[in-house]
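Worksheet: the structure to be examined is printed underneath.
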Amino acid sequence: MVFSGIPFLFFFLPLCLILYYAVPFSWKNGILLIFSLIFYAWGEPLYILLMLFSTLLDYTNGRLMERFGTTKLRKTFFLCCSICVNLFILGFFKYADFAVSLVNSMLGTRITPPGIHLPVGISFYTFQTMSYIIDLYKSEVKAEHSYTAYLTYVSMFPQLVAGPIVRFADIQEQLHKRTITFNGMQTGFLRFLLGLFKKVLIANQVGALWEEIRMLGTANTSVATAWLGALCFTLQLYFDFSAYSDMAIGMGHMLGFTYHENFRYPLTAISVTDFWRRWHISLSTWFRDYVYIPLGGNRRGIPRHLFNIAVVWFLTGLWHGASWNFILWGVYYGILLMLEKYIWGKALAKLPKLLQHAYAFLIVVFGFVIFAITDWNALGTYIYLLFSFASNSLADTRFLWYLGNYGLIIAIACVLTCPIYPWLCQKALTLSRPKRRFLSAISGMAILLLFVLSTAYMVSDTYNPFLYFRF
């Protein structure tokens, strides 16, 4: 199944690129569309019909809004038709089981949950289609007349199943006119490889340790081991999700498209506010532009501002999954953002940078424990382990064994969460030409070595999931 890992994408991409480069420009969208539909249908053969329905709905409403939306009331009608149907589809497939279990727990009923399988990437492509109709309503984009182009935008395989969330306004012109250059192909390929290395060589390795620590019983987990597990999941999620974004952005460059950055070294943030300017940028800006600002933002007084933050972060948590832990995770960040804004934000800004980094990092690591564990009892147990200083050992031989076996990869991962690579690239530009050539040769050999290692790990590992595929 394509979405169980990256090998299918890894071998699927060259064939797509060969045909894509070989055909004239007028055929390129068609080739891209065909491969995108094959890519999605390989893992979701039935639910591809759902995506086709969703795109046809918004495309049709967009054309109707353009032709008959001569008044605000008519435009609002077409907007509501799209938004309501999209949200109903997303709600039904993503939250039906959760809603049934909630009704059963509140009313004592025994309604059988429908057991609906979640279509891969539905949260991402639903937000993309909604961005189109909302921006059209606000006259920020023109209605797309080509259904093929619109379907290509939504189904484009580089970012279809796990983002970044690409807005139609950012890509409409490129759908009809784009330049494919050798430099773009080279840059995109290197960016794709960077994502591959991050996913296979870092995310999968620290993720294996997290899975092992999570399965330990209370009696076998020291405080240090529990925090090590939390750190490993944080690193796994960051390198896993940012790796997919790197691969998507890289593939976009190879195809002639430009996607916005989705991560800007978020684990180096100095506050919670700063973290959310750097983490999953396409999602946070989507909620900012389509929920927070329309609600009034911070322009209607403190009580309304607090309410708007609460709404946005409740929805952010809920977007990630139909489980109470995701809602709690959203509430956790909503409260922290309120406190930073109105209670301790100014005091925090006066602290030394090192303390600001430590404050934000600990909040993020603890927050991802809430994010990682969906079972309520297991979550409570793990949080207890993190703070059981009096009743549990601080460290044990198991913790030291983990450090001995995984310490190097964890240290490398921590270093790479910092902007080391851009700094090195900037320094390289100041070198003389002979030194740059030597450095390029060394870099080429290093990339070749990492590629061989990544391929070897992919062959030996049968389980290479991208964590955000489940959202």
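Residue numbering restarts at 1 for every chain of the structure tokens, chains are lettered A, B, ... in their displayed order, and ligands are numbered from 1 as they appear.
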
TODO: Can you check which residues of range 153-324 of chain A DSSP gives as alpha helix (DSSP H) on the backbone and send them as number ranges by chain?
DONE: A: 153-155, 168-176, 182-197, 204-214, 223-255, 272-278, 281-287, 293-295, 302-320, 324

TODO: Select, from A:Trp423, A:Phe257, A:Tyr137, A:Phe98, the residue with the minimum atom-to-atom distance to Gly184 in chain A, counting only C-alpha atoms.
DONE: A:Phe257

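Minimum atom-to-atom distances from A:Ala224, A:Val452, A:Leu79, A:Val120 to Lys94 in chain A were compared using only C-alpha atoms, and the lowest value belongs to A:Val120.
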
What are the nearest atom pairs, with distances in Å to one decimal, for all residues of range 64-181 of chain A that come at most 9 Å from range 319-334 of chain A, using only C-alpha atoms, set out by chain and rising residue number as a tab-separated table?
```
residue	atom	partner	partner_atom	distance
A:Lys94	CA	A:Ala322	CA	6.6
A:Tyr95	CA	A:Ala322	CA	5.4
A:Ala96	CA	A:Ala322	CA	8.6
A:Asp97	CA	A:Ala322	CA	8.1
A:Phe98	CA	A:Ala322	CA	5.7
A:Ala99	CA	A:Ala322	CA	8.5
A:Ser123	CA	A:Trp319	CA	7.2
```

- [ ] Measure the distance from CA of Leu231 in chain A to CA of Leu209 in chain A in Å and round it to one decimal.
- [x] 10.2 Å

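In this model, the gap between CA of His260 in chain A and CA of Pro164 in chain A comes to 7.9 Å.
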
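For the choices A:Met247, A:Ala226, A:Ile270, A:Ala149, the atom-to-atom distance to Leu386 in chain A is smallest for A:Ala226 when using only C-alpha atoms.
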
Open item on the list: Need to verify the contact set: Thr225 in chain A, 12 Å, only C-alpha atoms, exclusion of same-chain residues closer than 3 positions in sequence. Can you return it as JSON, numbers by chain?
Closed with: {"A": [209, 210, 212, 213, 214, 215, 216, 217, 218, 219, 220, 221, 222, 228, 229, 230, 231, 232, 382, 385, 386, 387, 388, 392, 393, 394, 395, 396, 397, 398, 399, 400, 401, 402, 403]}

Write out as CSV the residues of range 88-163 of chain A that have any atom within 12 Å of an atom of range 27-50 of chain A, one row each with the nearest atom pair and its distance in Å to one decimal, counting only C-alpha atoms, sorted by chain and then rising number.
```
residue,atom,partner,partner_atom,distance
A:Ile89,CA,A:Leu50,CA,8.7
A:Leu90,CA,A:Leu50,CA,10.4
A:Phe93,CA,A:Leu50,CA,10.5
A:Ile116,CA,A:Tyr47,CA,11.6
A:His117,CA,A:Tyr47,CA,9.7
A:Leu118,CA,A:Tyr47,CA,9.2
A:Pro119,CA,A:Tyr47,CA,6.2
A:Val120,CA,A:Glu44,CA,7.3
A:Gly121,CA,A:Tyr40,CA,9.4
A:Ile122,CA,A:Leu50,CA,9.2
A:Tyr125,CA,A:Leu50,CA,11.0
A:Thr126,CA,A:Leu50,CA,10.6
A:Ser146,CA,A:Asn29,CA,10.9
A:Tyr147,CA,A:Leu33,CA,11.1
A:Thr148,CA,A:Gly30,CA,7.4
A:Ala149,CA,A:Asn29,CA,6.8
A:Tyr150,CA,A:Leu33,CA,9.9
A:Leu151,CA,A:Leu33,CA,7.4
A:Thr152,CA,A:Leu33,CA,5.1
A:Tyr153,CA,A:Leu33,CA,8.6
A:Val154,CA,A:Leu33,CA,9.5
A:Ser155,CA,A:Ser36,CA,5.9
A:Met156,CA,A:Ser36,CA,5.4
A:Phe157,CA,A:Ser36,CA,4.7
A:Pro158,CA,A:Ser36,CA,8.3
A:Gln159,CA,A:Ser36,CA,10.0
A:Leu160,CA,A:Tyr40,CA,8.2
A:Val161,CA,A:Tyr40,CA,8.2
A:Ala162,CA,A:Tyr40,CA,11.9
```

Open item on the list: List as a PyMOL selection string the protein and nucleic acid residues near range 289-301 of chain A, meaning an atom at most 12 Å away when only C-alpha atoms are counted, but skip any in the same chain fewer than 3 places from it.
Closed with: chain A and resi 83+127-128+130-135+137-138+167+281-286+304-316+338+341-342

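CA of Lys142 in chain A sits 15.0 Å away from CA of Phe78 in chain A.
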
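Taking only C-alpha atoms into account, Phe263 in chain A lies nearest to A:Cys418 out of the set A:Cys418, A:Leu107, A:Cys80, A:Val200.
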